[in-house]
file work_7.txt (compact mmCIF, C-alpha atoms)
# COMPACT_ATOMS: atom_id res chain seq x y z
CA MET A 1 112.58 98.50 97.20
CA LYS A 2 110.02 100.46 95.16
CA TYR A 3 107.55 98.64 92.93
CA LYS A 4 106.20 100.07 89.68
CA LEU A 5 102.47 100.85 89.62
CA LEU A 6 100.24 101.60 86.60
CA LEU A 7 96.88 103.32 87.05
CA ALA A 8 94.04 102.79 84.57
CA ASP A 9 90.69 104.58 84.80
CA ASP A 10 88.59 106.29 82.13
CA GLU A 11 87.79 109.16 84.51
CA ALA A 12 90.59 111.73 84.43
CA GLU A 13 89.41 113.19 87.74
CA ILE A 14 89.89 109.85 89.50
CA ARG A 15 93.31 109.34 87.89
CA ASN A 16 94.46 112.80 88.91
CA GLY A 17 93.12 112.43 92.44
CA LEU A 18 94.81 109.07 93.02
CA SER A 19 98.08 110.16 91.47
CA GLN A 20 98.35 113.48 93.31
CA TYR A 21 96.81 112.91 96.71
CA PHE A 22 97.92 109.44 97.75
CA PRO A 23 101.52 108.98 99.05
CA TRP A 24 102.51 106.03 96.87
CA ASN A 25 106.18 106.38 97.82
CA GLU A 26 105.34 105.85 101.49
CA VAL A 27 103.86 102.43 100.78
CA GLY A 28 106.72 101.40 98.49
CA PHE A 29 105.29 102.13 95.04
CA GLU A 30 106.22 104.43 92.18
CA LEU A 31 103.35 105.53 89.92
CA ILE A 32 104.94 105.19 86.47
CA GLY A 33 101.94 105.73 84.20
CA GLN A 34 98.24 106.44 83.74
CA CYS A 35 95.90 105.00 81.12
CA GLY A 36 92.33 105.81 80.11
CA ASP A 37 91.23 102.33 79.02
CA GLY A 38 92.13 98.67 79.25
CA LYS A 39 93.69 98.34 75.79
CA GLU A 40 96.03 101.23 76.55
CA ALA A 41 96.93 99.58 79.87
CA LEU A 42 97.87 96.28 78.21
CA GLU A 43 99.98 98.12 75.61
CA PHE A 44 101.78 99.99 78.40
CA ILE A 45 102.45 96.73 80.28
CA ALA A 46 103.81 95.14 77.10
CA ASN A 47 106.36 97.95 76.74
CA HIS A 48 107.27 98.74 80.35
CA GLU A 49 108.20 96.92 83.51
CA VAL A 50 105.06 96.98 85.70
CA ASP A 51 104.62 95.24 89.06
CA ALA A 52 101.03 96.23 89.86
CA LEU A 53 98.00 97.56 88.00
CA LEU A 54 95.23 99.48 89.76
CA CYS A 55 92.39 99.64 87.26
CA ASP A 56 88.72 100.44 87.00
CA ILE A 57 86.48 97.50 86.10
CA ARG A 58 84.18 99.41 83.72
CA MET A 59 86.24 101.13 81.03
CA PRO A 60 85.62 101.74 77.31
CA ILE A 61 87.30 99.67 74.55
CA MET A 62 88.47 97.03 77.03
CA SER A 63 87.18 96.52 80.57
CA GLY A 64 89.22 95.84 83.67
CA LEU A 65 87.91 92.27 83.70
CA ASP A 66 89.19 91.77 80.13
CA VAL A 67 92.58 93.12 81.15
CA ALA A 68 92.70 90.84 84.21
CA ARG A 69 91.68 87.81 82.11
CA THR A 70 94.33 88.59 79.45
CA LEU A 71 97.08 88.96 82.06
CA HIS A 72 95.91 85.84 83.90
CA GLU A 73 95.94 83.75 80.72
CA ALA A 74 99.39 85.07 79.85
CA LYS A 75 100.58 84.05 83.34
CA SER A 76 101.75 87.63 83.88
CA ARG A 77 103.45 88.53 87.16
CA VAL A 78 101.59 91.87 87.25
CA LYS A 79 99.36 92.09 90.34
CA VAL A 80 95.92 93.42 89.42
CA LEU A 81 93.75 95.44 91.82
CA PHE A 82 90.25 96.54 90.82
CA LEU A 83 88.56 99.87 91.39
CA SER A 84 84.80 99.88 91.01
CA GLY A 85 81.86 102.17 91.63
CA TYR A 86 79.70 99.09 92.12
CA LYS A 87 79.44 96.48 94.85
CA ASP A 88 78.71 93.79 92.31
CA PHE A 89 79.01 90.17 93.45
CA GLU A 90 79.48 88.87 89.91
CA TYR A 91 82.42 91.22 89.38
CA ALA A 92 83.94 90.18 92.67
CA LYS A 93 83.51 86.50 91.72
CA GLN A 94 85.25 87.02 88.37
CA ALA A 95 87.99 88.98 90.12
CA ILE A 96 88.78 85.91 92.25
CA VAL A 97 88.91 83.67 89.14
CA TYR A 98 91.49 85.98 87.55
CA ASP A 99 93.57 86.15 90.74
CA VAL A 100 92.84 89.84 91.30
CA LYS A 101 94.48 90.91 94.58
CA SER A 102 91.88 93.41 95.78
CA TYR A 103 88.47 94.83 94.93
CA ILE A 104 88.27 98.46 96.07
CA VAL A 105 84.91 100.19 95.88
CA LYS A 106 84.82 103.89 94.93
CA PRO A 107 85.01 106.43 96.37
CA THR A 108 88.36 105.15 97.56
CA LYS A 109 89.17 105.57 101.23
CA TYR A 110 92.70 106.58 102.18
CA GLN A 111 93.02 103.96 104.95
CA GLU A 112 91.79 101.14 102.73
CA LEU A 113 94.24 102.05 99.95
CA PHE A 114 97.02 102.32 102.51
CA GLU A 115 96.32 98.88 103.97
CA VAL A 116 95.80 97.18 100.60
CA PHE A 117 99.07 98.48 99.15
CA THR A 118 101.04 97.91 102.35
CA SER A 119 99.96 94.25 102.21
CA LEU A 120 100.73 94.06 98.50
CA LYS A 121 104.23 95.45 99.07
CA MET A 122 104.85 92.75 101.67
CA GLU A 123 103.58 90.07 99.29
CA LEU A 124 105.86 91.35 96.52
CA ASP A 125 108.79 91.54 98.95
CA GLU A 126 108.13 87.94 99.95
CA GLU A 127 107.89 86.72 96.35
CA ARG A 128 110.90 88.58 95.09
CA GLY A 129 112.97 88.65 98.24
CA ALA A 130 114.56 85.26 97.69
CA GLY A 131 117.62 86.84 96.11
CA GLY A 132 120.70 87.48 98.19
CA ALA A 133 120.51 91.26 97.79
CA ASP A 134 116.99 91.47 99.20
CA ALA A 135 117.74 89.02 102.01
CA SER A 136 120.79 91.07 102.91
CA PHE A 137 118.73 94.28 102.76
CA ASN A 138 116.11 92.76 105.09
CA GLU A 139 118.79 91.68 107.56
CA LYS A 140 120.29 95.17 107.51
CA VAL A 141 116.92 96.84 108.17
CA VAL A 142 116.08 94.48 111.05
CA ARG A 143 119.55 94.90 112.54
CA THR A 144 119.27 98.70 112.30
CA ILE A 145 115.93 98.61 114.13
CA ARG A 146 117.27 96.25 116.81
CA ASP A 147 120.39 98.40 117.29
CA TYR A 148 118.21 101.50 117.61
CA VAL A 149 116.07 99.84 120.31
CA ALA A 150 119.16 98.56 122.17
CA ALA A 151 120.58 102.09 122.32
CA ASN A 152 117.28 103.89 123.02
CA TYR A 153 115.13 101.32 124.86
CA ALA A 154 113.83 103.88 127.39
CA ARG A 155 112.34 106.12 124.69
CA ALA A 156 112.23 103.95 121.55
CA THR A 157 109.26 104.64 119.26
CA LEU A 158 108.01 103.02 116.08
CA GLU A 159 108.03 106.44 114.37
CA ASP A 160 111.72 107.02 115.12
CA ALA A 161 112.65 103.48 114.05
CA ALA A 162 110.73 103.97 110.79
CA SER A 163 112.43 107.29 110.15
CA LEU A 164 115.81 105.64 110.66
CA VAL A 165 115.17 103.03 107.93
CA HIS A 166 113.26 105.48 105.67
CA MET A 167 109.99 103.60 105.80
CA ASN A 168 106.43 104.36 106.80
CA PRO A 169 105.66 103.47 110.48
CA HIS A 170 102.59 101.39 109.55
CA TYR A 171 104.67 99.42 107.04
CA VAL A 172 107.61 99.01 109.45
CA SER A 173 105.26 97.53 112.04
CA LYS A 174 104.10 94.83 109.61
CA TYR A 175 107.58 94.43 108.13
CA PHE A 176 109.23 93.83 111.53
CA LYS A 177 106.56 91.27 112.49
CA GLU A 178 106.94 89.54 109.12
CA LYS A 179 110.74 89.30 109.36
CA THR A 180 111.14 88.53 113.09
CA GLY A 181 107.83 86.96 114.12
CA GLU A 182 107.55 89.56 116.89
CA ASN A 183 105.60 92.80 117.19
CA PHE A 184 107.81 95.90 117.43
CA SER A 185 106.13 96.95 120.70
CA ASP A 186 106.66 93.48 122.21
CA TYR A 187 110.30 93.58 121.17
CA VAL A 188 110.80 96.95 122.89
CA VAL A 189 109.20 95.55 126.07
CA SER A 190 111.48 92.48 125.98
CA VAL A 191 114.59 94.68 125.66
CA ARG A 192 113.38 96.92 128.50
CA MET A 193 112.56 93.99 130.79
CA ASN A 194 115.89 92.26 130.20
CA LYS A 195 117.69 95.54 130.86
CA ALA A 196 115.55 96.03 133.99
CA ALA A 197 116.58 92.60 135.29
CA GLU A 198 120.21 93.52 134.74
CA LEU A 199 119.80 96.86 136.55
CA LEU A 200 117.88 95.30 139.46
CA LYS A 201 120.93 93.19 140.23
CA ASP A 202 122.79 96.42 140.96
CA ILE A 203 122.07 97.35 144.58
CA ARG A 204 122.84 101.02 143.88
CA TYR A 205 119.47 101.47 142.19
CA LYS A 206 116.06 101.56 143.84
CA THR A 207 113.21 99.86 141.96
CA TYR A 208 111.58 103.19 141.07
CA GLN A 209 114.90 104.37 139.62
CA VAL A 210 115.18 101.24 137.48
CA SER A 211 111.60 101.85 136.37
CA GLU A 212 112.51 105.35 135.14
CA MET A 213 115.76 104.15 133.56
CA VAL A 214 113.93 101.70 131.31
CA GLY A 215 111.24 104.17 130.27
CA TYR A 216 108.41 103.81 132.80
CA SER A 217 107.29 107.02 134.54
CA TYR A 218 104.94 105.08 136.79
CA ALA A 219 106.48 102.36 138.94
CA LYS A 220 103.14 100.48 139.06
CA ASN A 221 103.14 100.07 135.27
CA PHE A 222 106.75 98.90 135.40
CA THR A 223 106.01 96.37 138.17
CA ARG A 224 102.99 95.00 136.29
CA THR A 225 104.95 94.62 133.04
CA PHE A 226 107.97 93.12 134.79
CA LYS A 227 105.81 90.52 136.55
CA ARG A 228 104.01 89.62 133.33
CA TYR A 229 107.35 89.21 131.53
CA HIS A 230 109.49 87.53 134.23
CA GLY A 231 106.76 85.79 136.23
CA MET A 232 107.68 87.64 139.45
CA SER A 233 107.71 91.17 140.80
CA PRO A 234 110.92 93.27 140.85
CA ARG A 235 111.02 92.81 144.65
CA GLU A 236 110.73 89.01 144.34
CA PHE A 237 113.38 89.06 141.60
CA ARG A 238 115.76 90.91 143.90
CA GLN A 239 115.10 88.55 146.79
CA LEU A 240 115.76 85.61 144.52
CA SER A 241 119.03 87.25 143.47
CA GLY A 242 119.96 87.62 147.13
CA LEU A 243 119.41 91.37 147.16
CA ASN A 244 117.08 93.58 149.16
CA GLU A 245 115.97 97.17 148.71
call {"tool": "encode", "arguments": {"input": "work_7.txt", "output": "structure tokens"}}
result
Amino acid sequence: MKYKLLLADDEAEIRNGLSQYFPWNEVGFELIGQCGDGKEALEFIANHEVDALLCDIRMPIMSGLDVARTLHEAKSRVKVLFLSGYKDFEYAKQAIVYDVKSYIVKPTKYQELFEVFTSLKMELDEERGAGGADASFNEKVVRTIRDYVAANYARATLEDAASLVHMNPHYVSKYFKEKTGENFSDYVVSVRMNKAAELLKDIRYKTYQVSEMVGYSYAKNFTRTFKRYHGMSPREFRQLSGLNE
């Protein structure tokens, strides 16, 4: 689900830079408009569906703080994020009062923007995901990722899983943890280790072969992971199962 983002900054250069060089689609947002001052931003919000507003604090006619206060008093659902060229404690304090989601100091850093908006997308998903359609969508995405890992456990990667569900890998990592309570990498290990236990019960395979079959080039790494997961080494597991190499 894509959320609608409005950008407000009196500096055209900043607006152009943020609109053209940041991959909003990858973090689940669609940039639907740009405004040069706070009054214009409020008018845009009054006439369009907007989920989030990224705005400068110091703008002519109406400041970002005035916009945040107006939206806060109106109990608006629009999430406000501040951009500022100043590390000003008073601004930050006011931002908290008006329930501003983030305070980003210029010049904006790609990684910070990425993390802030990835978190915001998850928060919006959580708030608005109570409906059946979203719940069903979430279940479908998680099932697709699980099915992918089940079929490709030996070479499963976060990047391939993300590509499969048309999401950004960084977002998928957080999304999967949010929806399942488990890290993607831990889930892959659990699938591999359960498959390894199944394969070790088959006397046709040597331990090093099982290691390779579940994606470990080095048997030592496999043995270490298996012991950490099952509480015993592959050899001990086989002995317990009444099998020997």
call {"tool": "residues_around", "arguments": {"input": "work_7.txt", "residues": "Thr180 of chain A", "least_positions_apart": "5", "cutoff": "12 Å", "atoms": "all atoms listed in the file", "output": "ChimeraX atom specification"}}
result
/A:138-139,141-143,145-146,172-175,186-187
call {"tool": "residues_around", "arguments": {"input": "work_7.txt", "residues": "His230 of chain A", "least_positions_apart": "4", "cutoff": "9 Å", "atoms": "all atoms listed in the file", "output": "list of chain:residue names"}}
result
A:Met193, A:Asn194, A:Ala197, A:Thr225, A:Phe226, A:Pro234, A:Phe237
call {"tool": "residues_near_point", "arguments": {"input": "work_7.txt", "point": "(97.5, 90.2, 81.3)", "cutoff": "12 Å", "atoms": "only C-alpha atoms", "output": "mmCIF file with C-alpha atoms, in the coordinates of the input"}}
result
data_model
loop_
_atom_site.group_PDB
_atom_site.id
_atom_site.type_symbol
_atom_site.label_atom_id
_atom_site.label_comp_id
_atom_site.auth_asym_id
_atom_site.auth_seq_id
_atom_site.Cartn_x
_atom_site.Cartn_y
_atom_site.Cartn_z
ATOM 1 C CA GLY A 38 92.130 98.670 79.250
ATOM 2 C CA LYS A 39 93.690 98.340 75.790
ATOM 3 C CA ALA A 41 96.930 99.580 79.870
ATOM 4 C CA LEU A 42 97.870 96.280 78.210
ATOM 5 C CA GLU A 43 99.980 98.120 75.610
ATOM 6 C CA PHE A 44 101.780 99.990 78.400
ATOM 7 C CA ILE A 45 102.450 96.730 80.280
ATOM 8 C CA ALA A 46 103.810 95.140 77.100
ATOM 9 C CA VAL A 50 105.060 96.980 85.700
ATOM 10 C CA ASP A 51 104.620 95.240 89.060
ATOM 11 C CA ALA A 52 101.030 96.230 89.860
ATOM 12 C CA LEU A 53 98.000 97.560 88.000
ATOM 13 C CA GLY A 64 89.220 95.840 83.670
ATOM 14 C CA LEU A 65 87.910 92.270 83.700
ATOM 15 C CA ASP A 66 89.190 91.770 80.130
ATOM 16 C CA VAL A 67 92.580 93.120 81.150
ATOM 17 C CA ALA A 68 92.700 90.840 84.210
ATOM 18 C CA ARG A 69 91.680 87.810 82.110
ATOM 19 C CA THR A 70 94.330 88.590 79.450
ATOM 20 C CA LEU A 71 97.080 88.960 82.060
ATOM 21 C CA HIS A 72 95.910 85.840 83.900
ATOM 22 C CA GLU A 73 95.940 83.750 80.720
ATOM 23 C CA ALA A 74 99.390 85.070 79.850
ATOM 24 C CA LYS A 75 100.580 84.050 83.340
ATOM 25 C CA SER A 76 101.750 87.630 83.880
ATOM 26 C CA ARG A 77 103.450 88.530 87.160
ATOM 27 C CA VAL A 78 101.590 91.870 87.250
ATOM 28 C CA LYS A 79 99.360 92.090 90.340
ATOM 29 C CA VAL A 80 95.920 93.420 89.420
ATOM 30 C CA TYR A 98 91.490 85.980 87.550
ATOM 31 C CA ASP A 99 93.570 86.150 90.740
ATOM 32 C CA VAL A 100 92.840 89.840 91.300
#
call {"tool": "atom_distance", "arguments": {"input": "work_7.txt", "atom1": "atom CA of Ser217 of chain A", "atom2": "atom CA of Gly181 of chain A"}}
result
28.6 Å
call {"tool": "atom_distance", "arguments": {"input": "work_7.txt", "atom1": "atom CA of Arg58 of chain A", "atom2": "atom CA of Phe114 of chain A"}}
result
22.9 Å
call {"tool": "closest_residue", "arguments": {"input": "work_7.txt", "among": "A:Arg235, A:Lys227, A:Lys220, A:His166", "to": "Leu200 of chain A", "atoms": "all atoms listed in the file"}}
result
A:Arg235
call {"tool": "axis_aligned_box", "arguments": {"input": "work_7.txt", "around": "segment 134-148 of chain A", "padding_each_side": "6 Å", "output": "lines of an AutoDock Vina configuration file"}}
result
center_x = 118.4
center_y = 95.3
center_z = 108.4
size_x = 16.9
size_y = 24.5
size_z = 30.4
call {"tool": "atom_distance", "arguments": {"input": "work_7.txt", "atom1": "atom CA of Ala95 of chain A", "atom2": "atom CA of Lys2 of chain A"}}
result
25.3 Å
call {"tool": "residues_around", "arguments": {"input": "work_7.txt", "residues": "segment 153-163 of chain A", "least_positions_apart": "2", "cutoff": "7 Å", "atoms": "only C-alpha atoms", "output": "PyMOL selection string"}}
result
chain A and resi 145+148-151+165-169+172+188+191-192+213-215
call {"tool": "residues_around", "arguments": {"input": "work_7.txt", "residues": "Glu123 of chain A", "least_positions_apart": "3", "cutoff": "12 Å", "atoms": "all atoms listed in the file", "output": "count of residues only"}}
result
18
call {"tool": "closest_residue", "arguments": {"input": "work_7.txt", "among": "A:Leu83, A:Leu113, A:Met122, A:Cys35", "to": "Pro23 of chain A", "atoms": "all atoms listed in the file"}}
result
A:Leu113
call {"tool": "residues_around", "arguments": {"input": "work_7.txt", "residues": "Ala12 of chain A", "least_positions_apart": "2", "cutoff": "12 Å", "atoms": "only C-alpha atoms", "output": "number ranges by chain"}}
result
A: 7-10, 14-20, 34-37, 56, 59
call {"tool": "closest_residue", "arguments": {"input": "work_7.txt", "among": "A:Asn183, A:Met232, A:Met62, A:His48", "to": "His170 of chain A", "atoms": "only C-alpha atoms"}}
result
A:Asn183
call {"tool": "closest_residue", "arguments": {"input": "work_7.txt", "among": "A:Glu30, A:Asp202, A:Glu40, A:Glu13", "to": "Ser241 of chain A", "atoms": "all atoms listed in the file"}}
result
A:Asp202
call {"tool": "decode", "arguments": {"input": "work_7.txt", "residues": "segment 94-217 of chain A", "atoms": "C-alpha atoms", "output": "PDB file, in the first residue's frame"}}
result
ATOM      1  CA  GLN A  94       7.441  22.174  20.240  1.00  0.00           C
ATOM      2  CA  ALA A  95       7.581  19.380  17.668  1.00  0.00           C
ATOM      3  CA  ILE A  96       6.921  16.845  20.444  1.00  0.00           C
ATOM      4  CA  VAL A  97       3.956  18.888  21.745  1.00  0.00           C
ATOM      5  CA  TYR A  98       2.362  18.833  18.282  1.00  0.00           C
ATOM      6  CA  ASP A  99       2.984  15.099  17.858  1.00  0.00           C
ATOM      7  CA  VAL A 100       5.490  15.593  15.036  1.00  0.00           C
ATOM      8  CA  LYS A 101       6.861  12.175  14.026  1.00  0.00           C
ATOM      9  CA  SER A 102      10.438  13.172  13.199  1.00  0.00           C
ATOM     10  CA  TYR A 103      12.823  16.114  13.265  1.00  0.00           C
ATOM     11  CA  ILE A 104      15.299  15.826  10.384  1.00  0.00           C
ATOM     12  CA  VAL A 105      18.188  18.273  10.290  1.00  0.00           C
ATOM     13  CA  LYS A 106      19.373  19.551   6.890  1.00  0.00           C
ATOM     14  CA  PRO A 107      21.278  18.640   4.856  1.00  0.00           C
ATOM     15  CA  THR A 108      19.194  15.485   4.759  1.00  0.00           C
ATOM     16  CA  LYS A 109      21.052  12.193   4.759  1.00  0.00           C
ATOM     17  CA  TYR A 110      19.757   9.419   2.519  1.00  0.00           C
ATOM     18  CA  GLN A 111      20.005   6.725   5.223  1.00  0.00           C
ATOM     19  CA  GLU A 112      18.188   8.835   7.804  1.00  0.00           C
ATOM     20  CA  LEU A 113      15.341   9.608   5.391  1.00  0.00           C
ATOM     21  CA  PHE A 114      15.162   5.940   4.447  1.00  0.00           C
ATOM     22  CA  GLU A 115      14.924   4.787   8.063  1.00  0.00           C
ATOM     23  CA  VAL A 116      12.466   7.501   9.121  1.00  0.00           C
ATOM     24  CA  PHE A 117      10.048   6.797   6.273  1.00  0.00           C
ATOM     25  CA  THR A 118      10.402   3.022   6.548  1.00  0.00           C
ATOM     26  CA  SER A 119       9.349   3.311  10.202  1.00  0.00           C
ATOM     27  CA  LEU A 120       6.539   5.699   9.311  1.00  0.00           C
ATOM     28  CA  LYS A 121       5.217   3.278   6.678  1.00  0.00           C
ATOM     29  CA  MET A 122       5.122   0.520   9.292  1.00  0.00           C
ATOM     30  CA  GLU A 123       3.306   2.807  11.727  1.00  0.00           C
ATOM     31  CA  LEU A 124       0.734   3.725   9.071  1.00  0.00           C
ATOM     32  CA  ASP A 125       0.352   0.057   8.107  1.00  0.00           C
ATOM     33  CA  GLU A 126      -0.268  -0.789  11.754  1.00  0.00           C
ATOM     34  CA  GLU A 127      -2.820   2.002  12.226  1.00  0.00           C
ATOM     35  CA  ARG A 128      -4.706   1.373   9.034  1.00  0.00           C
ATOM     36  CA  GLY A 129      -4.147  -2.345   8.692  1.00  0.00           C
ATOM     37  CA  ALA A 130      -7.074  -3.333  10.875  1.00  0.00           C
ATOM     38  CA  GLY A 131      -9.308  -3.778   7.847  1.00  0.00           C
ATOM     39  CA  GLY A 132      -9.794  -7.212   6.347  1.00  0.00           C
ATOM     40  CA  ALA A 133      -8.174  -6.292   3.031  1.00  0.00           C
ATOM     41  CA  ASP A 134      -4.917  -5.192   4.652  1.00  0.00           C
ATOM     42  CA  ALA A 135      -4.861  -8.156   7.026  1.00  0.00           C
ATOM     43  CA  SER A 136      -5.388 -10.466   4.078  1.00  0.00           C
ATOM     44  CA  PHE A 137      -2.646  -8.660   2.125  1.00  0.00           C
ATOM     45  CA  ASN A 138      -0.232  -9.059   5.058  1.00  0.00           C
ATOM     46  CA  GLU A 139      -1.013 -12.767   5.322  1.00  0.00           C
ATOM     47  CA  LYS A 140      -0.433 -13.195   1.593  1.00  0.00           C
ATOM     48  CA  VAL A 141       2.944 -11.420   1.721  1.00  0.00           C
ATOM     49  CA  VAL A 142       4.135 -13.446   4.725  1.00  0.00           C
ATOM     50  CA  ARG A 143       2.936 -16.689   3.143  1.00  0.00           C
ATOM     51  CA  THR A 144       4.722 -15.834  -0.128  1.00  0.00           C
ATOM     52  CA  ILE A 145       7.971 -15.209   1.770  1.00  0.00           C
ATOM     53  CA  ARG A 146       7.603 -18.427   3.785  1.00  0.00           C
ATOM     54  CA  ASP A 147       6.830 -20.442   0.629  1.00  0.00           C
ATOM     55  CA  TYR A 148       9.876 -18.940  -1.084  1.00  0.00           C
ATOM     56  CA  VAL A 149      12.137 -19.943   1.836  1.00  0.00           C
ATOM     57  CA  ALA A 150      10.627 -23.452   1.976  1.00  0.00           C
ATOM     58  CA  ALA A 151      11.404 -23.976  -1.708  1.00  0.00           C
ATOM     59  CA  ASN A 152      14.822 -22.260  -1.720  1.00  0.00           C
ATOM     60  CA  TYR A 153      16.157 -22.709   1.831  1.00  0.00           C
ATOM     61  CA  ALA A 154      19.695 -23.530   0.643  1.00  0.00           C
ATOM     62  CA  ARG A 155      20.094 -20.226  -1.203  1.00  0.00           C
ATOM     63  CA  ALA A 156      17.292 -17.999   0.133  1.00  0.00           C
ATOM     64  CA  THR A 157      18.192 -14.303   0.368  1.00  0.00           C
ATOM     65  CA  LEU A 158      16.366 -11.276   1.713  1.00  0.00           C
ATOM     66  CA  GLU A 159      16.899  -9.506  -1.633  1.00  0.00           C
ATOM     67  CA  ASP A 160      15.185 -12.289  -3.600  1.00  0.00           C
ATOM     68  CA  ALA A 161      12.314 -12.492  -1.109  1.00  0.00           C
ATOM     69  CA  ALA A 162      11.854  -8.708  -1.334  1.00  0.00           C
ATOM     70  CA  SER A 163      11.874  -8.829  -5.119  1.00  0.00           C
ATOM     71  CA  LEU A 164       9.204 -11.515  -5.037  1.00  0.00           C
ATOM     72  CA  VAL A 165       6.796  -9.343  -3.005  1.00  0.00           C
ATOM     73  CA  HIS A 166       7.826  -6.090  -4.772  1.00  0.00           C
ATOM     74  CA  MET A 167       9.190  -4.426  -1.668  1.00  0.00           C
ATOM     75  CA  ASN A 168      12.479  -2.909  -0.596  1.00  0.00           C
ATOM     76  CA  PRO A 169      14.769  -5.415   1.243  1.00  0.00           C
ATOM     77  CA  HIS A 170      15.276  -3.077   4.222  1.00  0.00           C
ATOM     78  CA  TYR A 171      11.513  -2.665   4.556  1.00  0.00           C
ATOM     79  CA  VAL A 172      10.830  -6.399   4.120  1.00  0.00           C
ATOM     80  CA  SER A 173      13.249  -7.159   6.944  1.00  0.00           C
ATOM     81  CA  LYS A 174      11.317  -4.912   9.344  1.00  0.00           C
ATOM     82  CA  TYR A 175       7.955  -5.956   7.896  1.00  0.00           C
ATOM     83  CA  PHE A 176       8.631  -9.691   8.370  1.00  0.00           C
ATOM     84  CA  LYS A 177       9.787  -9.135  11.968  1.00  0.00           C
ATOM     85  CA  GLU A 178       6.728  -6.971  12.664  1.00  0.00           C
ATOM     86  CA  LYS A 179       4.265  -9.529  11.275  1.00  0.00           C
ATOM     87  CA  THR A 180       5.873 -12.771  12.508  1.00  0.00           C
ATOM     88  CA  GLY A 181       7.949 -11.741  15.526  1.00  0.00           C
ATOM     89  CA  GLU A 182      10.980 -13.381  13.910  1.00  0.00           C
ATOM     90  CA  ASN A 183      13.931 -11.996  11.961  1.00  0.00           C
ATOM     91  CA  PHE A 184      14.040 -13.135   8.325  1.00  0.00           C
ATOM     92  CA  SER A 185      17.579 -14.503   8.772  1.00  0.00           C
ATOM     93  CA  ASP A 186      16.547 -16.461  11.895  1.00  0.00           C
ATOM     94  CA  TYR A 187      13.576 -17.880  10.016  1.00  0.00           C
ATOM     95  CA  VAL A 188      15.822 -19.085   7.174  1.00  0.00           C
ATOM     96  CA  VAL A 189      18.127 -20.750   9.719  1.00  0.00           C
ATOM     97  CA  SER A 190      15.173 -22.490  11.408  1.00  0.00           C
ATOM     98  CA  VAL A 191      13.942 -23.864   8.064  1.00  0.00           C
ATOM     99  CA  ARG A 192      17.464 -25.028   7.174  1.00  0.00           C
ATOM    100  CA  MET A 193      18.030 -26.687  10.557  1.00  0.00           C
ATOM    101  CA  ASN A 194      14.689 -28.512  10.515  1.00  0.00           C
ATOM    102  CA  LYS A 195      15.404 -29.703   6.980  1.00  0.00           C
ATOM    103  CA  ALA A 196      18.909 -30.756   8.088  1.00  0.00           C
ATOM    104  CA  ALA A 197      17.441 -32.845  10.916  1.00  0.00           C
ATOM    105  CA  GLU A 198      15.139 -34.529   8.415  1.00  0.00           C
ATOM    106  CA  LEU A 199      18.027 -35.253   6.014  1.00  0.00           C
ATOM    107  CA  LEU A 200      20.313 -36.536   8.793  1.00  0.00           C
ATOM    108  CA  LYS A 201      17.801 -39.282   9.475  1.00  0.00           C
ATOM    109  CA  ASP A 202      18.491 -40.571   5.970  1.00  0.00           C
ATOM    110  CA  ILE A 203      21.560 -42.826   6.173  1.00  0.00           C
ATOM    111  CA  ARG A 204      22.314 -42.274   2.475  1.00  0.00           C
ATOM    112  CA  TYR A 205      23.727 -38.826   3.213  1.00  0.00           C
ATOM    113  CA  LYS A 206      26.995 -37.998   4.938  1.00  0.00           C
ATOM    114  CA  THR A 207      26.968 -35.005   7.306  1.00  0.00           C
ATOM    115  CA  TYR A 208      29.031 -32.874   4.914  1.00  0.00           C
ATOM    116  CA  GLN A 209      26.523 -33.639   2.150  1.00  0.00           C
ATOM    117  CA  VAL A 210      23.626 -32.551   4.359  1.00  0.00           C
ATOM    118  CA  SER A 211      25.604 -29.410   5.163  1.00  0.00           C
ATOM    119  CA  GLU A 212      25.867 -28.557   1.451  1.00  0.00           C
ATOM    120  CA  MET A 213      22.237 -29.483   0.779  1.00  0.00           C
ATOM    121  CA  VAL A 214      20.972 -26.929   3.285  1.00  0.00           C
ATOM    122  CA  GLY A 215      23.251 -24.149   2.085  1.00  0.00           C
ATOM    123  CA  TYR A 216      26.461 -24.414   4.121  1.00  0.00           C
ATOM    124  CA  SER A 217      29.711 -24.659   2.128  1.00  0.00           C
TER     125      SER A 217
END
